[in-house]
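Heads up, coords-v7.cif below (mmCIF, C-alpha atoms, pLDDT in the B column; chains and numbers go by the auth columns):
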data_protein
#
loop_
_atom_site.group_PDB
_atom_site.id
_atom_site.type_symbol
_atom_site.label_atom_id
_atom_site.label_comp_id
_atom_site.label_asym_id
_atom_site.label_seq_id
_atom_site.Cartn_x
_atom_site.Cartn_y
_atom_site.Cartn_z
_atom_site.B_iso_or_equiv
_atom_site.auth_seq_id
_atom_site.auth_asym_id
ATOM 1 C CA MET A 1 84.485 91.009 104.075 68.00 274 G
ATOM 2 C CA ASP A 2 86.303 94.146 105.166 73.00 275 G
ATOM 3 C CA LYS A 3 85.734 95.929 108.500 85.00 276 G
ATOM 4 C CA ASP A 4 84.971 99.129 106.562 82.00 277 G
ATOM 5 C CA ARG A 5 82.072 97.356 104.860 83.00 278 G
ATOM 6 C CA ILE A 6 80.676 96.160 108.193 85.00 279 G
ATOM 7 C CA THR A 7 81.078 99.568 109.856 87.00 280 G
ATOM 8 C CA GLY A 8 79.602 101.294 106.805 86.00 281 G
ATOM 9 C CA ALA A 9 76.589 98.997 106.761 86.00 282 G
ATOM 10 C CA ALA A 10 76.034 99.634 110.482 88.00 283 G
ATOM 11 C CA LYS A 11 76.258 103.425 110.019 87.00 284 G
ATOM 12 C CA ASP A 12 73.922 103.199 107.039 86.00 285 G
ATOM 13 C CA ALA A 13 71.327 101.268 109.045 89.00 286 G
ATOM 14 C CA ALA A 14 71.664 103.619 112.047 88.00 287 G
ATOM 15 C CA GLY A 15 71.279 106.615 109.732 88.00 288 G
ATOM 16 C CA LYS A 16 68.095 105.172 108.207 89.00 289 G
ATOM 17 C CA VAL A 17 66.633 104.576 111.660 89.00 290 G
ATOM 18 C CA GLU A 18 67.596 108.078 112.818 87.00 291 G
ATOM 19 C CA GLY A 19 66.190 109.641 109.655 87.00 292 G
ATOM 20 C CA ALA A 20 62.914 107.725 109.998 88.00 293 G
ATOM 21 C CA PHE A 21 62.670 108.764 113.652 84.00 294 G
ATOM 22 C CA GLY A 22 63.259 112.424 112.702 86.00 295 G
ATOM 23 C CA ARG A 23 60.628 112.196 109.964 85.00 296 G
ATOM 24 C CA ALA A 24 58.123 110.579 112.317 88.00 297 G
ATOM 25 C CA THR A 25 58.610 113.218 115.026 86.00 298 G
ATOM 26 C CA GLY A 26 58.853 116.108 112.570 86.00 299 G
ATOM 27 C CA ASP A 27 62.345 117.050 113.776 84.00 300 G
ATOM 28 C CA ALA A 28 64.225 118.298 110.700 87.00 301 G
ATOM 29 C CA SER A 29 67.650 118.359 112.384 86.00 302 G
ATOM 30 C CA THR A 30 67.375 114.706 113.489 86.00 303 G
ATOM 31 C CA GLU A 31 66.234 113.706 110.009 86.00 304 G
ATOM 32 C CA ALA A 32 69.148 115.605 108.438 90.00 305 G
ATOM 33 C CA SER A 33 71.599 114.053 110.908 89.00 306 G
ATOM 34 C CA GLY A 34 70.245 110.608 110.021 88.00 307 G
ATOM 35 C CA ARG A 35 70.649 111.229 106.309 88.00 308 G
ATOM 36 C CA ALA A 36 74.208 112.461 106.861 92.00 309 G
ATOM 37 C CA ARG A 37 75.054 109.343 108.887 89.00 310 G
ATOM 38 C CA GLU A 38 73.428 107.176 106.211 89.00 311 G
ATOM 39 C CA ALA A 39 75.524 108.854 103.486 92.00 312 G
ATOM 40 C CA ALA A 40 78.714 108.421 105.537 91.00 313 G
ATOM 41 C CA GLY A 41 77.887 104.743 106.019 89.00 314 G
ATOM 42 C CA THR A 42 77.266 104.275 102.319 90.00 315 G
ATOM 43 C CA VAL A 43 80.586 105.909 101.450 92.00 316 G
ATOM 44 C CA GLN A 44 82.468 103.782 103.983 90.00 317 G
ATOM 45 C CA ASN A 45 80.764 100.652 102.668 89.00 318 G
ATOM 46 C CA LEU A 46 81.752 101.534 99.092 91.00 319 G
ATOM 47 C CA TYR A 47 85.327 102.168 100.254 90.00 320 G
ATOM 48 C CA GLY A 48 85.399 98.701 101.822 89.00 321 G
ATOM 49 C CA GLN A 49 84.033 97.169 98.617 90.00 322 G
ATOM 50 C CA ALA A 50 86.756 98.909 96.594 92.00 323 G
ATOM 51 C CA LYS A 51 89.437 97.589 98.945 91.00 324 G
ATOM 52 C CA ASP A 52 88.028 94.075 98.643 91.00 325 G
ATOM 53 C CA ALA A 53 87.960 94.334 94.850 92.00 326 G
ATOM 54 C CA ALA A 54 91.559 95.593 94.743 92.00 327 G
ATOM 55 C CA ARG A 55 92.648 92.750 97.016 92.00 328 G
ATOM 56 C CA ASP A 56 90.856 90.203 94.801 92.00 329 G
ATOM 57 C CA ILE A 57 92.493 91.618 91.671 95.00 330 G
ATOM 58 C CA GLY A 58 95.907 91.487 93.327 94.00 331 G
ATOM 59 C CA ASP A 59 95.370 87.880 94.385 94.00 332 G
ATOM 60 C CA ALA A 60 94.250 86.908 90.883 95.00 333 G
ATOM 61 C CA ALA A 61 97.277 88.613 89.329 94.00 334 G
ATOM 62 C CA THR A 62 99.594 86.819 91.752 94.00 335 G
ATOM 63 C CA GLU A 63 98.071 83.444 90.876 94.00 336 G
ATOM 64 C CA TYR A 64 98.333 84.209 87.152 95.00 337 G
ATOM 65 C CA ALA A 65 102.000 85.173 87.529 95.00 338 G
ATOM 66 C CA LYS A 66 102.751 81.984 89.495 95.00 339 G
ATOM 67 C CA ASP A 67 101.076 79.854 86.815 94.00 340 G
ATOM 68 C CA ALA A 68 102.987 81.639 84.051 95.00 341 G
ATOM 69 C CA MET A 69 106.260 81.177 85.943 95.00 342 G
ATOM 70 C CA ASP A 70 105.603 77.459 86.392 93.00 343 G
ATOM 71 C CA ALA A 71 104.733 77.031 82.710 94.00 344 G
ATOM 72 C CA GLY A 72 107.841 78.944 81.625 94.00 345 G
ATOM 73 C CA SER A 73 110.015 76.889 83.920 93.00 346 G
ATOM 74 C CA ASP A 74 108.601 73.656 82.494 92.00 347 G
ATOM 75 C CA MET A 75 109.185 74.869 78.932 94.00 348 G
ATOM 76 C CA TYR A 76 112.768 75.876 79.758 93.00 349 G
ATOM 77 C CA ARG A 77 113.526 72.480 81.285 94.00 350 G
ATOM 78 C CA GLY A 78 112.027 70.695 78.280 94.00 351 G
ATOM 79 C CA GLY A 79 114.017 72.825 75.833 93.00 352 G
ATOM 80 C CA THR A 80 117.238 72.274 77.766 93.00 353 G
ATOM 81 C CA LYS A 81 116.706 68.503 77.701 94.00 354 G
ATOM 82 C CA ALA A 82 115.959 68.568 73.963 93.00 355 G
ATOM 83 C CA VAL A 83 119.096 70.573 73.175 90.00 356 G
ATOM 84 C CA ALA A 84 121.241 68.345 75.400 93.00 357 G
ATOM 85 C CA SER A 85 119.977 65.168 73.725 93.00 358 G
ATOM 86 C CA THR A 86 120.538 66.645 70.257 91.00 359 G
ATOM 87 C CA VAL A 87 124.094 67.647 71.143 91.00 360 G
ATOM 88 C CA ARG A 88 124.749 64.137 72.501 93.00 361 G
ATOM 89 C CA GLU A 89 123.369 62.522 69.333 94.00 362 G
ATOM 90 C CA GLN A 90 125.074 64.867 66.829 93.00 363 G
ATOM 91 C CA PRO A 91 128.080 66.589 68.436 93.00 364 G
ATOM 92 C CA LEU A 92 129.767 67.593 65.156 95.00 365 G
ATOM 93 C CA GLY A 93 126.618 69.166 63.697 93.00 366 G
ATOM 94 C CA SER A 94 126.007 71.041 66.951 92.00 367 G
ATOM 95 C CA LEU A 95 129.580 72.347 66.927 94.00 368 G
ATOM 96 C CA LEU A 96 129.238 73.561 63.338 95.00 369 G
ATOM 97 C CA ILE A 97 125.942 75.326 64.110 94.00 370 G
ATOM 98 C CA ALA A 98 127.420 77.007 67.198 94.00 371 G
ATOM 99 C CA GLY A 99 130.406 78.160 65.159 96.00 372 G
ATOM 100 C CA ALA A 100 128.191 79.567 62.399 97.00 373 G
ATOM 101 C CA VAL A 101 126.068 81.469 64.927 96.00 374 G
ATOM 102 C CA GLY A 102 129.204 82.874 66.582 96.00 375 G
ATOM 103 C CA PHE A 103 130.615 83.919 63.212 95.00 376 G
ATOM 104 C CA ALA A 104 127.350 85.658 62.229 95.00 377 G
ATOM 105 C CA LEU A 105 127.263 87.514 65.539 94.00 378 G
ATOM 106 C CA ALA A 106 130.865 88.646 65.101 93.00 379 G
ATOM 107 C CA LEU A 107 130.075 89.965 61.623 90.00 380 G
ATOM 108 C CA MET A 108 127.050 91.888 62.864 89.00 381 G
ATOM 109 C CA LEU A 109 128.880 93.409 65.820 90.00 382 G
ATOM 110 C CA ASN A 110 131.971 94.464 63.858 87.00 383 G
ATOM 111 C CA ARG A 111 130.179 95.866 60.815 78.00 384 G
ATOM 112 C CA GLN A 112 131.215 99.334 59.673 77.00 385 G
ATOM 113 C CA PRO A 113 128.497 101.972 59.990 74.00 386 G
ATOM 114 C CA ARG A 114 126.803 102.904 56.741 73.00 387 G
ATOM 115 C CA ARG A 115 127.857 106.203 55.233 75.00 388 G
ATOM 116 C CA ARG A 116 125.066 108.694 54.924 75.00 389 G
ATOM 117 C CA ARG A 117 124.487 110.385 51.644 75.00 390 G
ATOM 118 C CA LEU A 118 122.816 113.661 50.951 72.00 391 G
ATOM 119 C CA ARG A 119 119.692 111.944 49.635 71.00 392 G
ATOM 120 C CA ASP A 120 119.251 110.130 53.006 68.00 393 G
ATOM 121 C CA TYR A 121 118.305 113.456 54.608 70.00 394 G
ATOM 122 C CA TYR A 122 115.335 114.184 52.307 66.00 395 G
#
Take the structure from the file and write it as structure tokens.
Amino acid sequence: MDKDRITGAAKDAAGKVEGAFGRATGDASTEASGRAREAAGTVQNLYGQAKDAARDIGDAATEYAKDAMDAGSDMYRGGTKAVASTVREQPLGSLLIAGAVGFALALMLNRQPRRRRLRDYY
């Protein structure tokens, strides 16, 4: 619980008491002062609730990010082990695949740009 919520609740209660006292004695200024204090307490209480909610959302997001990071790390380690065992079992096949991927990348990176024709602009 936030200190703003506690202070707001106290101001709200004090405002209700002051307003009731003003109503009982017929003093309009005391009643109005009590209602103003009650409203200020309510606003401060709501502010404290909003801060608590924002803090809770931030904590939940942090926990979610930590869990996602742990899961991603586990998946990366598992994939690395699988690739390493495959390369150990079939080194020639792995070398051929790596060469084919490198060749395809070189072709894509060194490709000539396509010439534009007049009909491409319609």
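Distance annotation: of G:Asn318, G:Thr335, G:Ser306, G:Ser367, the residue with the minimal separation from G:Glu291 is G:Ser306; atom set is only C-alpha atoms.
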Smallest atom-to-atom distance to G:Gly295: which of G:Asp347, G:Arg308, G:Leu380, G:Ala283, using all atoms listed in the file?
-> G:Arg308
Closest to G:Thr315 among G:Met342, G:Leu391, G:Ala355, G:Ala282, using all atoms listed in the file?
-> G:Ala282
Using only C-alpha atoms, which of the listed residues (G:Val290, G:Ala323, G:Val316, G:Leu368) sits closest to G:Glu304?
->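 Of G:Val290, G:Ala323, G:Val316, G:Leu368, the one nearest G:Glu304 is G:Val290, counting only C-alpha atoms.
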What gap, in Å, lies between atom CA of G:Ser302 and atom CA of G:Gly321?
-> 28.5 Å
Identify all residues satisfying the PyMOL selection byres ((chain G and resi 289) around 9) in the given file; provide them as a list of chain:residue names.
->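 Applying the PyMOL selection byres ((chain G and resi 289) around 9) to the structure shown produces G:Lys284, G:Asp285, G:Ala286, G:Ala287, G:Gly288, G:Val290, G:Glu291, G:Gly292, G:Ala293, G:Phe294, G:Glu304, G:Gly307, G:Arg308, G:Arg310, G:Glu311.
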Please write out, as JSON, where the centre of an axis-aligned box around all listed atoms of stretch 366-381 of chain G lies and how long its edges are, in Å to one decimal, after adding 6 Å on each side.
{"center_x": 128.4, "center_y": 80.5, "center_z": 64.4, "size_x": 16.9, "size_y": 34.7, "size_z": 17.6}
N, CA, C and O atoms of stretch 293-328 of chain G, written as a CSV table (one decimal), in the first residue's frame:
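Done, and the output landed in selection-v1.csv:
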chain,number,residue,atom,x,y,z
G,293,ALA,N,-19.8,16.5,8.2
G,293,ALA,CA,-20.9,16.1,9.1
G,293,ALA,C,-21.1,17.1,10.2
G,293,ALA,O,-22.2,17.5,10.6
G,294,PHE,N,-19.9,17.6,10.8
G,294,PHE,CA,-20.0,18.5,11.9
G,294,PHE,C,-20.6,19.8,11.4
G,294,PHE,O,-21.4,20.5,12.1
G,295,GLY,N,-20.1,20.3,10.2
G,295,GLY,CA,-20.7,21.5,9.6
G,295,GLY,C,-22.1,21.4,9.3
G,295,GLY,O,-22.9,22.4,9.6
G,296,ARG,N,-22.6,20.3,8.9
G,296,ARG,CA,-24.0,20.1,8.6
G,296,ARG,C,-24.8,20.1,9.9
G,296,ARG,O,-25.9,20.6,10.0
G,297,ALA,N,-24.2,19.4,10.9
G,297,ALA,CA,-25.0,19.3,12.2
G,297,ALA,C,-25.1,20.7,12.9
G,297,ALA,O,-26.1,21.0,13.5
G,298,THR,N,-24.1,21.5,12.7
G,298,THR,CA,-24.1,22.9,13.4
G,298,THR,C,-24.7,23.9,12.5
G,298,THR,O,-25.0,25.0,12.9
G,299,GLY,N,-24.9,23.6,11.2
G,299,GLY,CA,-25.5,24.5,10.3
G,299,GLY,C,-24.5,25.5,9.7
G,299,GLY,O,-24.9,26.6,9.2
G,300,ASP,N,-23.2,25.2,9.9
G,300,ASP,CA,-22.2,26.1,9.4
G,300,ASP,C,-21.8,25.7,8.0
G,300,ASP,O,-21.2,24.7,7.8
G,301,ALA,N,-22.2,26.5,7.0
G,301,ALA,CA,-22.0,26.2,5.6
G,301,ALA,C,-20.5,26.2,5.2
G,301,ALA,O,-20.0,25.4,4.4
G,302,SER,N,-19.7,27.1,5.8
G,302,SER,CA,-18.3,27.1,5.5
G,302,SER,C,-17.5,25.9,6.0
G,302,SER,O,-16.6,25.4,5.3
G,303,THR,N,-17.9,25.4,7.2
G,303,THR,CA,-17.2,24.2,7.7
G,303,THR,C,-17.6,23.0,6.9
G,303,THR,O,-16.8,22.1,6.6
G,304,GLU,N,-18.9,23.0,6.5
G,304,GLU,CA,-19.3,21.8,5.6
G,304,GLU,C,-18.6,21.9,4.3
G,304,GLU,O,-18.2,20.8,3.8
G,305,ALA,N,-18.5,23.0,3.7
G,305,ALA,CA,-17.8,23.2,2.4
G,305,ALA,C,-16.3,22.8,2.6
G,305,ALA,O,-15.7,22.1,1.7
G,306,SER,N,-15.7,23.2,3.6
G,306,SER,CA,-14.3,22.9,3.9
G,306,SER,C,-14.1,21.4,4.0
G,306,SER,O,-13.2,20.8,3.5
G,307,GLY,N,-15.1,20.8,4.7
G,307,GLY,CA,-15.0,19.3,4.9
G,307,GLY,C,-15.2,18.6,3.6
G,307,GLY,O,-14.5,17.6,3.3
G,308,ARG,N,-16.1,19.1,2.7
G,308,ARG,CA,-16.2,18.4,1.4
G,308,ARG,C,-15.0,18.6,0.5
G,308,ARG,O,-14.6,17.7,-0.2
G,309,ALA,N,-14.4,19.8,0.6
G,309,ALA,CA,-13.2,20.0,-0.1
G,309,ALA,C,-12.0,19.1,0.3
G,309,ALA,O,-11.3,18.5,-0.5
G,310,ARG,N,-11.9,18.9,1.7
G,310,ARG,CA,-10.9,18.0,2.2
G,310,ARG,C,-11.2,16.6,1.8
G,310,ARG,O,-10.3,15.8,1.5
G,311,GLU,N,-12.4,16.2,1.8
G,311,GLU,CA,-12.9,14.9,1.4
G,311,GLU,C,-12.5,14.6,-0.1
G,311,GLU,O,-12.0,13.6,-0.4
G,312,ALA,N,-12.8,15.6,-0.9
G,312,ALA,CA,-12.4,15.5,-2.3
G,312,ALA,C,-10.9,15.4,-2.5
G,312,ALA,O,-10.4,14.5,-3.3
G,313,ALA,N,-10.1,16.2,-1.8
G,313,ALA,CA,-8.7,16.1,-1.9
G,313,ALA,C,-8.2,14.7,-1.5
G,313,ALA,O,-7.3,14.2,-2.1
G,314,GLY,N,-8.8,14.2,-0.4
G,314,GLY,CA,-8.4,12.9,0.1
G,314,GLY,C,-8.7,11.8,-0.9
G,314,GLY,O,-7.9,10.9,-1.2
G,315,THR,N,-9.9,11.9,-1.6
G,315,THR,CA,-10.2,10.9,-2.6
G,315,THR,C,-9.3,11.0,-3.8
G,315,THR,O,-8.9,9.9,-4.3
G,316,VAL,N,-8.9,12.2,-4.2
G,316,VAL,CA,-8.0,12.3,-5.3
G,316,VAL,C,-6.6,11.7,-5.0
G,316,VAL,O,-6.0,11.0,-5.8
G,317,GLN,N,-6.1,12.0,-3.8
G,317,GLN,CA,-4.8,11.5,-3.4
G,317,GLN,C,-4.9,10.0,-3.2
G,317,GLN,O,-3.9,9.3,-3.6
G,318,ASN,N,-6.0,9.4,-2.8
G,318,ASN,CA,-6.1,8.0,-2.7
G,318,ASN,C,-6.1,7.4,-4.1
G,318,ASN,O,-5.5,6.4,-4.3
G,319,LEU,N,-6.8,8.0,-5.0
G,319,LEU,CA,-6.8,7.5,-6.4
G,319,LEU,C,-5.5,7.5,-7.0
G,319,LEU,O,-5.0,6.6,-7.8
G,320,TYR,N,-4.7,8.6,-6.7
G,320,TYR,CA,-3.3,8.7,-7.2
G,320,TYR,C,-2.5,7.6,-6.7
G,320,TYR,O,-1.7,7.0,-7.4
G,321,GLY,N,-2.6,7.3,-5.4
G,321,GLY,CA,-1.9,6.2,-4.8
G,321,GLY,C,-2.2,4.9,-5.4
G,321,GLY,O,-1.4,4.0,-5.7
G,322,GLN,N,-3.5,4.7,-5.7
G,322,GLN,CA,-4.0,3.4,-6.4
G,322,GLN,C,-3.4,3.3,-7.8
G,322,GLN,O,-3.0,2.2,-8.2
G,323,ALA,N,-3.3,4.4,-8.5
G,323,ALA,CA,-2.7,4.4,-9.8
G,323,ALA,C,-1.2,4.1,-9.8
G,323,ALA,O,-0.7,3.3,-10.6
G,324,LYS,N,-0.5,4.6,-8.8
G,324,LYS,CA,0.9,4.3,-8.6
G,324,LYS,C,1.1,2.9,-8.3
G,324,LYS,O,2.0,2.2,-8.9
G,325,ASP,N,0.2,2.3,-7.4
G,325,ASP,CA,0.3,0.9,-7.1
G,325,ASP,C,0.1,0.0,-8.3
G,325,ASP,O,0.8,-1.0,-8.6
G,326,ALA,N,-0.9,0.4,-9.1
G,326,ALA,CA,-1.2,-0.4,-10.3
G,326,ALA,C,-0.1,-0.3,-11.3
G,326,ALA,O,0.3,-1.3,-11.9
G,327,ALA,N,0.5,0.9,-11.5
G,327,ALA,CA,1.6,1.0,-12.4
G,327,ALA,C,2.8,0.2,-11.9
G,327,ALA,O,3.5,-0.5,-12.7
G,328,ARG,N,3.1,0.2,-10.6
G,328,ARG,CA,4.2,-0.6,-10.1
G,328,ARG,C,3.9,-2.1,-10.3
G,328,ARG,O,4.8,-2.9,-10.7
